[in-house]
$ cat data39.cif   # mmCIF, C-alpha atoms
data_run
#
loop_
_atom_site.group_PDB
_atom_site.id
_atom_site.type_symbol
_atom_site.label_atom_id
_atom_site.label_comp_id
_atom_site.auth_asym_id
_atom_site.auth_seq_id
_atom_site.Cartn_x
_atom_site.Cartn_y
_atom_site.Cartn_z
ATOM 1 C CA MET X 4 -10.914 -10.553 -1.090
ATOM 2 C CA ALA X 5 -8.375 -8.452 -2.974
ATOM 3 C CA LYS X 6 -6.614 -7.684 0.316
ATOM 4 C CA ALA X 7 -6.994 -11.129 1.931
ATOM 5 C CA TYR X 8 -3.821 -12.504 3.515
ATOM 6 C CA THR X 9 -4.796 -16.180 3.836
ATOM 7 C CA GLN X 10 -6.671 -18.767 1.777
ATOM 8 C CA ALA X 11 -9.210 -19.305 4.565
ATOM 9 C CA GLU X 12 -10.028 -15.601 4.675
ATOM 10 C CA PHE X 13 -10.371 -15.468 0.886
ATOM 11 C CA ASP X 14 -12.667 -18.523 0.724
ATOM 12 C CA SER X 15 -14.849 -17.201 3.536
ATOM 13 C CA LEU X 16 -15.386 -13.906 1.741
ATOM 14 C CA MET X 17 -16.022 -15.671 -1.576
ATOM 15 C CA GLU X 18 -18.793 -17.714 0.062
ATOM 16 C CA LYS X 19 -20.487 -14.476 1.130
ATOM 17 C CA VAL X 20 -20.225 -13.130 -2.414
ATOM 18 C CA GLU X 21 -21.729 -16.338 -3.782
ATOM 19 C CA LYS X 22 -24.721 -15.990 -1.460
ATOM 20 C CA VAL X 23 -25.347 -12.450 -2.674
ATOM 21 C CA ASP X 24 -25.059 -13.238 -6.406
ATOM 22 C CA ILE X 25 -23.356 -16.261 -7.933
ATOM 23 C CA ARG X 26 -22.834 -14.303 -11.167
ATOM 24 C CA VAL X 27 -20.339 -12.077 -9.368
ATOM 25 C CA LYS X 28 -18.341 -15.118 -8.304
ATOM 26 C CA GLU X 29 -18.359 -16.477 -11.852
ATOM 27 C CA TYR X 30 -17.205 -13.119 -13.199
ATOM 28 C CA LEU X 31 -14.317 -12.923 -10.734
ATOM 29 C CA GLU X 32 -13.253 -16.476 -11.564
ATOM 30 C CA LEU X 33 -13.383 -15.706 -15.294
ATOM 31 C CA ALA X 34 -11.278 -12.550 -14.815
ATOM 32 C CA GLY X 35 -8.614 -14.568 -13.003
ATOM 33 C CA TYR X 36 -7.786 -14.295 -9.322
ATOM 34 C CA GLU X 37 -4.150 -13.440 -10.067
ATOM 35 C CA LYS X 38 -5.208 -10.156 -11.688
ATOM 36 C CA TRP X 39 -6.964 -8.646 -8.676
ATOM 37 C CA ALA X 40 -6.191 -10.664 -5.511
ATOM 38 C CA ARG X 41 -2.722 -10.318 -3.998
ATOM 39 C CA LEU X 42 -3.031 -13.793 -2.478
ATOM 40 C CA TYR X 43 -2.871 -15.277 -5.999
ATOM 41 C CA ALA X 44 -0.535 -12.682 -7.538
ATOM 42 C CA PRO X 45 2.633 -14.226 -9.054
ATOM 43 C CA VAL X 46 4.672 -11.403 -7.467
ATOM 44 C CA ASN X 47 4.342 -9.550 -4.208
ATOM 45 C CA ARG X 48 2.145 -6.563 -5.006
ATOM 46 C CA GLY X 49 2.083 -5.127 -1.487
ATOM 47 C CA TRP X 50 -0.612 -2.485 -1.210
ATOM 48 C CA THR X 51 -0.653 -1.573 -4.920
ATOM 49 C CA MET X 52 -4.010 -3.076 -5.832
ATOM 50 C CA THR X 53 -5.616 -0.253 -7.845
ATOM 51 C CA SER X 54 -4.864 2.250 -10.592
ATOM 52 C CA ASN X 55 -5.213 5.213 -8.236
ATOM 53 C CA ILE X 56 -1.896 6.684 -9.384
ATOM 54 C CA ALA X 57 -3.288 6.974 -12.933
ATOM 55 C CA GLU X 58 -6.439 8.628 -11.573
ATOM 56 C CA SER X 59 -4.325 11.080 -9.572
ATOM 57 C CA ILE X 60 -2.324 12.024 -12.670
ATOM 58 C CA ASN X 61 -5.516 12.473 -14.690
ATOM 59 C CA ALA X 62 -6.940 14.757 -12.011
ATOM 60 C CA ALA X 63 -3.750 16.844 -11.980
ATOM 61 C CA LEU X 64 -3.903 17.266 -15.776
ATOM 62 C CA VAL X 65 -7.567 18.224 -16.155
ATOM 63 C CA SER X 66 -6.814 21.789 -17.309
ATOM 64 C CA ALA X 67 -3.690 20.779 -19.282
ATOM 65 C CA ARG X 68 -5.696 18.386 -21.469
ATOM 66 C CA GLU X 69 -7.307 21.378 -23.179
ATOM 67 C CA LEU X 70 -3.915 22.558 -24.490
ATOM 68 C CA PRO X 71 -2.288 21.664 -27.832
ATOM 69 C CA ILE X 72 -0.174 18.517 -27.799
ATOM 70 C CA TYR X 73 3.196 20.267 -27.377
ATOM 71 C CA ASP X 74 1.995 22.486 -24.534
ATOM 72 C CA PHE X 75 0.294 19.486 -22.942
ATOM 73 C CA LEU X 76 3.499 17.416 -22.991
ATOM 74 C CA GLU X 77 5.432 20.370 -21.586
ATOM 75 C CA GLU X 78 2.991 20.605 -18.660
ATOM 76 C CA VAL X 79 3.427 16.867 -18.034
ATOM 77 C CA ARG X 80 7.221 17.229 -18.058
ATOM 78 C CA LYS X 81 7.139 20.126 -15.591
ATOM 79 C CA MET X 82 4.681 18.323 -13.311
ATOM 80 C CA PHE X 83 6.819 15.178 -13.084
ATOM 81 C CA GLY X 84 9.907 17.312 -12.603
ATOM 82 C CA ARG X 85 8.314 19.041 -9.612
ATOM 83 C CA TRP X 86 7.136 15.745 -8.156
ATOM 84 C CA ASN X 87 10.539 14.121 -8.533
ATOM 85 C CA CYS X 88 12.329 16.997 -6.815
ATOM 86 C CA SER X 89 9.776 17.212 -4.005
ATOM 87 C CA ILE X 90 9.793 13.493 -3.177
ATOM 88 C CA ARG X 91 13.571 13.214 -3.494
ATOM 89 C CA LYS X 92 14.009 16.186 -1.142
ATOM 90 C CA GLU X 93 11.568 14.736 1.382
ATOM 91 C CA ALA X 94 13.340 11.358 1.330
ATOM 92 C CA THR X 95 16.735 13.041 1.746
ATOM 93 C CA GLN X 96 15.478 14.910 4.819
ATOM 94 C CA THR X 97 13.896 11.810 6.405
ATOM 95 C CA TYR X 98 15.956 10.711 9.395
ATOM 96 C CA THR X 99 13.828 7.733 10.500
ATOM 97 C CA THR X 100 14.784 4.213 9.479
ATOM 98 C CA LEU X 101 11.644 3.871 7.360
ATOM 99 C CA GLY X 102 9.498 6.278 5.400
ATOM 100 C CA LYS X 103 6.677 8.052 7.219
ATOM 101 C CA GLN X 104 3.870 5.794 5.972
ATOM 102 C CA TYR X 105 5.697 2.566 6.750
ATOM 103 C CA GLN X 106 6.989 3.829 10.094
ATOM 104 C CA GLU X 107 3.389 4.512 11.138
ATOM 105 C CA MET X 108 2.315 1.026 10.049
ATOM 106 C CA LEU X 109 5.196 -0.512 11.969
ATOM 107 C CA THR X 110 4.198 1.454 15.072
ATOM 108 C CA LEU X 111 0.585 0.289 14.682
ATOM 109 C CA ASN X 112 1.707 -3.333 14.475
ATOM 110 C CA GLU X 113 3.707 -2.823 17.662
ATOM 111 C CA ALA X 114 0.617 -1.452 19.389
ATOM 112 C CA MET X 115 -1.400 -4.468 18.241
ATOM 113 C CA SER X 116 1.272 -6.849 19.519
ATOM 114 C CA THR X 117 0.770 -5.583 23.068
ATOM 115 C CA ARG X 118 -2.820 -6.821 22.922
ATOM 116 C CA MET X 119 -1.897 -10.481 22.344
ATOM 117 C CA THR X 120 -4.210 -12.789 24.286
ATOM 118 C CA PRO X 121 -2.221 -14.759 26.886
ATOM 119 C CA SER X 122 -1.909 -18.534 26.712
ATOM 120 C CA ASN X 123 -3.761 -20.987 28.971
ATOM 121 C CA VAL X 124 -0.714 -21.415 31.199
ATOM 122 C CA PHE X 125 -0.549 -17.700 31.637
ATOM 123 C CA VAL X 126 -4.270 -17.446 32.491
ATOM 124 C CA THR X 127 -3.856 -20.082 35.178
ATOM 125 C CA LEU X 128 -0.982 -18.175 36.761
ATOM 126 C CA GLN X 129 -2.928 -14.877 36.500
ATOM 127 C CA LEU X 130 0.158 -12.758 35.946
ATOM 128 C CA PRO X 131 -0.936 -10.083 33.419
ATOM 129 C CA LYS X 132 2.255 -8.035 33.792
ATOM 130 C CA VAL X 133 4.455 -10.803 32.364
ATOM 131 C CA GLN X 134 2.239 -11.656 29.413
ATOM 132 C CA GLN X 135 5.059 -11.447 26.862
ATOM 133 C CA ILE X 136 7.001 -14.227 28.614
ATOM 134 C CA PHE X 137 4.347 -16.848 27.909
ATOM 135 C CA ASP X 138 3.117 -15.661 24.496
ATOM 136 C CA VAL X 139 6.247 -16.643 22.537
ATOM 137 C CA VAL X 140 7.293 -20.294 22.377
ATOM 138 C CA PRO X 141 10.579 -20.889 20.483
ATOM 139 C CA SER X 142 11.126 -24.054 18.455
ATOM 140 C CA THR X 143 14.453 -23.119 16.881
ATOM 141 C CA GLU X 144 16.543 -19.973 16.768
ATOM 142 C CA TYR X 145 14.348 -18.563 13.997
ATOM 143 C CA LEU X 146 11.082 -20.539 14.335
ATOM 144 C CA HIS X 147 8.593 -19.495 17.014
ATOM 145 C CA THR X 148 4.936 -19.911 17.942
ATOM 146 C CA VAL X 149 2.822 -16.999 19.163
ATOM 147 C CA ASN X 150 -0.509 -17.417 20.945
ATOM 148 C CA ASP X 151 -3.142 -14.885 19.934
ATOM 149 C CA GLY X 152 -6.744 -15.282 21.023
ATOM 150 C CA GLY X 153 -6.343 -18.998 21.623
ATOM 151 C CA ARG X 154 -4.908 -19.566 18.138
ATOM 152 C CA HIS X 155 -1.257 -20.396 17.536
ATOM 153 C CA TYR X 156 0.653 -18.578 14.801
ATOM 154 C CA THR X 157 3.968 -19.913 13.510
ATOM 155 C CA VAL X 158 6.522 -17.260 12.595
ATOM 156 C CA CYS X 159 9.866 -17.811 10.856
ATOM 157 C CA LEU X 160 12.255 -14.882 11.232
ATOM 158 C CA LEU X 161 14.758 -16.356 8.781
ATOM 159 C CA GLU X 162 12.266 -16.462 5.889
ATOM 160 C CA ARG X 163 10.268 -13.507 7.282
ATOM 161 C CA LYS X 164 6.991 -15.401 7.144
ATOM 162 C CA CYS X 165 3.944 -15.800 9.365
ATOM 163 C CA VAL X 166 1.031 -18.176 8.822
ATOM 164 C CA GLY X 167 -1.214 -15.109 9.115
ATOM 165 C CA GLY X 168 0.279 -13.863 5.841
ATOM 166 C CA ARG X 169 0.909 -10.251 6.808
ATOM 167 C CA PHE X 170 4.638 -10.559 7.490
ATOM 168 C CA GLN X 171 5.529 -11.793 3.997
ATOM 169 C CA VAL X 172 2.947 -9.757 2.055
ATOM 170 C CA ASP X 173 3.401 -6.383 3.769
ATOM 171 C CA GLU X 174 7.141 -7.025 4.202
ATOM 172 C CA LEU X 175 6.866 -5.477 7.660
ATOM 173 C CA PRO X 176 6.932 -7.310 11.012
ATOM 174 C CA CYS X 177 3.315 -8.181 11.781
ATOM 175 C CA PRO X 178 2.058 -8.082 15.410
ATOM 176 C CA HIS X 179 3.069 -11.722 15.892
ATOM 177 C CA ALA X 180 6.573 -11.090 14.562
ATOM 178 C CA TRP X 181 6.758 -7.972 16.728
ATOM 179 C CA ASP X 182 6.041 -10.109 19.791
ATOM 180 C CA ILE X 183 8.992 -12.366 18.946
ATOM 181 C CA LEU X 184 11.380 -9.533 18.112
ATOM 182 C CA LYS X 185 10.691 -7.836 21.445
ATOM 183 C CA SER X 186 11.278 -11.065 23.353
ATOM 184 C CA LYS X 187 14.648 -11.488 21.587
ATOM 185 C CA PHE X 188 15.557 -7.763 21.811
ATOM 186 C CA LEU X 189 15.916 -7.502 18.017
ATOM 187 C CA MET X 190 15.419 -4.371 15.932
ATOM 188 C CA PRO X 191 12.211 -4.637 13.855
ATOM 189 C CA GLU X 192 13.562 -2.294 11.167
ATOM 190 C CA GLU X 193 16.071 -4.998 10.218
ATOM 191 C CA TYR X 194 13.146 -7.192 9.133
ATOM 192 C CA CYS X 195 11.495 -4.570 6.906
ATOM 193 C CA SER X 196 11.799 -4.367 3.146
ATOM 194 C CA ASN X 197 14.622 -2.185 1.886
ATOM 195 C CA TYR X 198 12.128 -0.540 -0.468
ATOM 196 C CA TYR X 199 10.545 1.214 2.535
ATOM 197 C CA LYS X 200 13.773 2.920 3.555
ATOM 198 C CA PRO X 201 14.585 6.531 2.551
ATOM 199 C CA ASN X 202 17.727 5.526 0.652
ATOM 200 C CA SER X 203 15.665 3.400 -1.724
ATOM 201 C CA VAL X 204 13.234 6.271 -2.293
ATOM 202 C CA VAL X 205 16.135 8.596 -3.105
ATOM 203 C CA MET X 206 17.454 6.070 -5.638
ATOM 204 C CA THR X 207 13.977 5.669 -7.169
ATOM 205 C CA TYR X 208 13.620 9.386 -7.850
ATOM 206 C CA ASP X 209 17.258 9.965 -8.755
ATOM 207 C CA VAL X 210 16.395 10.008 -12.464
ATOM 208 C CA HIS X 211 16.206 13.694 -13.318
ATOM 209 C CA VAL X 212 13.604 15.214 -15.621
ATOM 210 C CA TYR X 213 15.708 17.605 -17.661
ATOM 211 C CA PRO X 214 14.189 20.792 -19.150
ATOM 212 C CA LEU X 215 13.810 21.204 -22.875
ATOM 213 C CA PRO X 216 15.378 24.111 -24.798
ATOM 214 C CA ASP X 217 13.201 26.814 -26.260
ATOM 215 C CA ARG X 218 11.284 25.787 -29.355
ATOM 216 C CA ASN X 219 13.199 28.314 -31.485
ATOM 217 C CA ASP X 220 16.484 26.580 -30.599
ATOM 218 C CA TRP X 221 15.416 23.101 -31.696
ATOM 219 C CA ASN X 222 17.533 21.314 -34.274
ATOM 220 C CA ILE X 223 14.831 19.512 -36.254
ATOM 221 C CA PRO X 224 15.913 17.020 -38.951
ATOM 222 C CA ALA X 225 14.647 17.824 -42.450
ATOM 223 C CA HIS X 226 12.652 14.592 -42.839
ATOM 224 C CA VAL X 227 10.779 15.399 -39.632
ATOM 225 C CA ALA X 228 10.107 19.039 -40.537
ATOM 226 C CA GLU X 229 8.761 18.065 -43.960
ATOM 227 C CA GLU X 230 6.421 15.391 -42.631
ATOM 228 C CA LEU X 231 2.737 16.290 -42.964
ATOM 229 C CA VAL X 232 0.612 15.565 -39.902
ATOM 230 C CA LEU X 233 -3.064 15.132 -40.747
ATOM 231 C CA PRO X 234 -5.971 15.548 -38.316
ATOM 232 C CA PRO X 235 -7.452 12.368 -36.833
ATOM 233 C CA LYS X 236 -9.968 10.436 -38.918
ATOM 234 C CA TRP X 237 -12.536 10.006 -36.181
ATOM 235 C CA LYS X 238 -15.147 12.687 -35.628
ATOM 236 C CA LYS X 239 -15.471 14.430 -32.284
ATOM 237 C CA PRO X 240 -18.894 13.740 -30.709
ATOM 238 C CA PRO X 241 -21.200 16.747 -30.366
ATOM 239 C CA GLU X 242 -21.748 16.482 -26.608
ATOM 240 C CA ARG X 243 -19.524 18.170 -24.076
ATOM 241 C CA PRO X 244 -16.482 16.033 -23.140
ATOM 242 C CA LYS X 245 -16.628 14.425 -19.720
ATOM 243 C CA MET X 246 -14.110 15.918 -17.284
ATOM 244 C CA LYS X 247 -14.641 13.640 -14.282
ATOM 245 C CA HIS X 248 -14.421 9.853 -14.019
ATOM 246 C CA ASP X 249 -17.293 7.615 -12.950
ATOM 247 C CA LYS X 250 -16.921 6.763 -9.286
ATOM 248 C CA PRO X 251 -16.955 3.050 -8.382
ATOM 249 C CA LEU X 252 -19.554 1.678 -5.994
ATOM 250 C CA SER X 253 -17.025 1.373 -3.167
ATOM 251 C CA GLU X 254 -16.238 5.081 -3.435
ATOM 252 C CA LEU X 255 -19.928 6.044 -3.546
ATOM 253 C CA LEU X 256 -20.695 4.001 -0.417
ATOM 254 C CA GLN X 257 -17.751 5.451 1.504
ATOM 255 C CA PRO X 258 -19.005 7.866 4.203
ATOM 256 C CA LYS X 259 -17.962 11.461 3.721
ATOM 257 C CA ASN X 260 -15.928 13.336 6.338
ATOM 258 C CA GLN X 261 -15.394 10.164 8.352
ATOM 259 C CA HIS X 262 -13.524 10.814 11.576
ATOM 260 C CA LEU X 263 -10.268 8.878 11.900
ATOM 261 C CA CYS X 264 -8.581 7.902 15.151
ATOM 262 C CA SER X 265 -5.445 9.960 15.856
ATOM 263 C CA ILE X 266 -3.641 6.883 17.281
ATOM 264 C CA CYS X 267 -4.243 4.070 14.786
ATOM 265 C CA GLY X 268 -5.644 6.019 11.824
ATOM 266 C CA GLN X 269 -8.757 3.830 11.505
ATOM 267 C CA GLY X 270 -12.344 5.037 11.384
ATOM 268 C CA GLY X 271 -15.335 4.355 13.607
ATOM 269 C CA HIS X 272 -13.795 5.478 16.907
ATOM 270 C CA ASN X 273 -11.550 8.112 18.487
ATOM 271 C CA LYS X 274 -8.393 8.055 20.601
ATOM 272 C CA ARG X 275 -10.355 7.663 23.844
ATOM 273 C CA THR X 276 -12.049 4.446 22.723
ATOM 274 C CA CYS X 277 -9.151 3.136 20.616
ATOM 275 C CA ARG X 278 -8.421 -0.543 21.292
ATOM 276 C CA ASN X 279 -5.263 -0.533 19.199
ATOM 277 C CA ALA X 280 -3.386 1.735 21.591
ATOM 278 C CA PRO X 281 -0.383 0.219 23.402
ATOM 279 C CA CYS X 282 -1.151 -1.112 26.873
ATOM 280 C CA ARG X 283 0.605 0.794 29.621
ATOM 281 C CA ILE X 284 1.849 -1.328 32.520
#
$ encode --input "data39.cif" --output "structure tokens"
Amino acid sequence: MAKAYTQAEFDSLMEKVEKVDIRVKEYLELAGYEKWARLYAPVNRGWTMTSNIAESINAALVSARELPIYDFLEEVRKMFGRWNCSIRKEATQTYTTLGKQYQEMLTLNEAMSTRMTPSNVFVTLQLPKVQQIFDVVPSTEYLHTVNDGGRHYTVCLLERKCVGGRFQVDELPCPHAWDILKSKFLMPEEYCSNYYKPNSVVMTYDVHVYPLPDRNDWNIPAHVAEELVLPPKWKKPPERPKMKHDKPLSELLQPKNQHLCSICGQGGHNKRTCRNAPCRI
């Protein structure tokens, strides 16, 4: 439900949750849909639906947390400095229109667009090699209808929207938009978010993390040097501090060492049985 693109998909999944335990549904309603479901989010959250970045930082600082506060902060500064330089360098040396992750998703959507189910007119003519001609039905210069599996999807290139929801949420041409762009000989990269392009990544990490001078060279104001810092009032519990976080149920149920397809990146099959691969005519 957190990743649902349409209201119908969200409601269908909520009905299944209600059948399992109505208390779960009541809890999710009380928490507020806008806090965890991107369909109800007041802003476009894209794929950022978890706090995984905070968990990644915590995992990288496991050993540093045992240090005194100054040494700990220095380790944090050096870590972010390394990350900034590494990501900025990678973005500078990226020569594709989009970043690697988004370029792969765009390619996958293209592969899925080649599997569009032909319309009834097309089935009657039995001309599988010209499927793309009958799949796209233009209404205006920007408004088109795409037939997929007997269902019609309306796509607006001007507003970059599709009734399926993926075009406007992912901010990448979905398979239906891909079908239209190919029929009009348009570049799909022009309909992607600017945030996915290397130049935006370079600008994001352009803020440098400057090194600090040696502690002996600090110019500390007198009122700061004279301030007395007392130990915390709370008492440290006797048991050993926990170093690892509690895994959620979804992570515990996830199969280990799951094989992923080398073509589409999804699990449960390999490249020989992949149905998302582009059709070769």
$ resolve_selection --input "data39.cif" --expression "the PyMOL selection byres ((chain X and resi 178) around 6)" --output "ChimeraX atom specification"
/X:112-113,115-116,177,179-181
$ closest_residue --input "data39.cif" --among "X:Ile56, X:Val205, X:Val210, X:Ala228" --to "Ala94 in chain X" --atoms "all atoms listed in the file"
X:Val205
$ closest_residue --input "data39.cif" --among "X:Arg26, X:Lys200, X:Arg85, X:Arg80" --to "Lys103 in chain X" --atoms "all atoms listed in the file"
X:Lys200
$ closest_residue --input "data39.cif" --among "X:Ser196, X:Ser203, X:Ile72, X:Lys274" --to "Val172 in chain X" --atoms "all atoms listed in the file"
X:Ser196
$ closest_residue --input "data39.cif" --among "X:Asp173, X:Asp74, X:Glu162, X:Asp209" --to "Tyr145 in chain X" --atoms "all atoms listed in the file"
X:Glu162
$ resolve_selection --input "data39.cif" --expression "the PyMOL selection byres ((chain X and resi 88) around 12)" --output "NGL selection string"
:X and (81-87 or 89-95 or 204-205 or 207-213)
$ axis_aligned_box --input "data39.cif" --around "range 153-166 of chain X" --padding-each-side "5 Å" --output "AutoDock Vina command-line options"
--center_x 4.2 --center_y -17.0 --center_z 13.8 --size_x 31.1 --size_y 16.9 --size_z 25.7
$ atom_distance --input "data39.cif" --atom1 "CA of Pro191 in chain X" --atom2 "CA of Ser142 in chain X"
20.0 Å
$ atom_distance --input "data39.cif" --atom1 "CA of Arg275 in chain X" --atom2 "CA of Arg118 in chain X"
16.4 Å
$ atom_distance --input "data39.cif" --atom1 "CA of Leu101 in chain X" --atom2 "CA of Glu193 in chain X"
10.3 Å
$ closest_residue --input "data39.cif" --among "X:Lys6, X:Lys239, X:Arg163, X:Arg68" --to "Ala40 in chain X" --atoms "all atoms listed in the file"
X:Lys6
$ closest_residue --input "data39.cif" --among "X:Leu263, X:Thr157, X:Gly167, X:Lys187" --to "Glu144 in chain X" --atoms "all atoms listed in the file"
X:Lys187
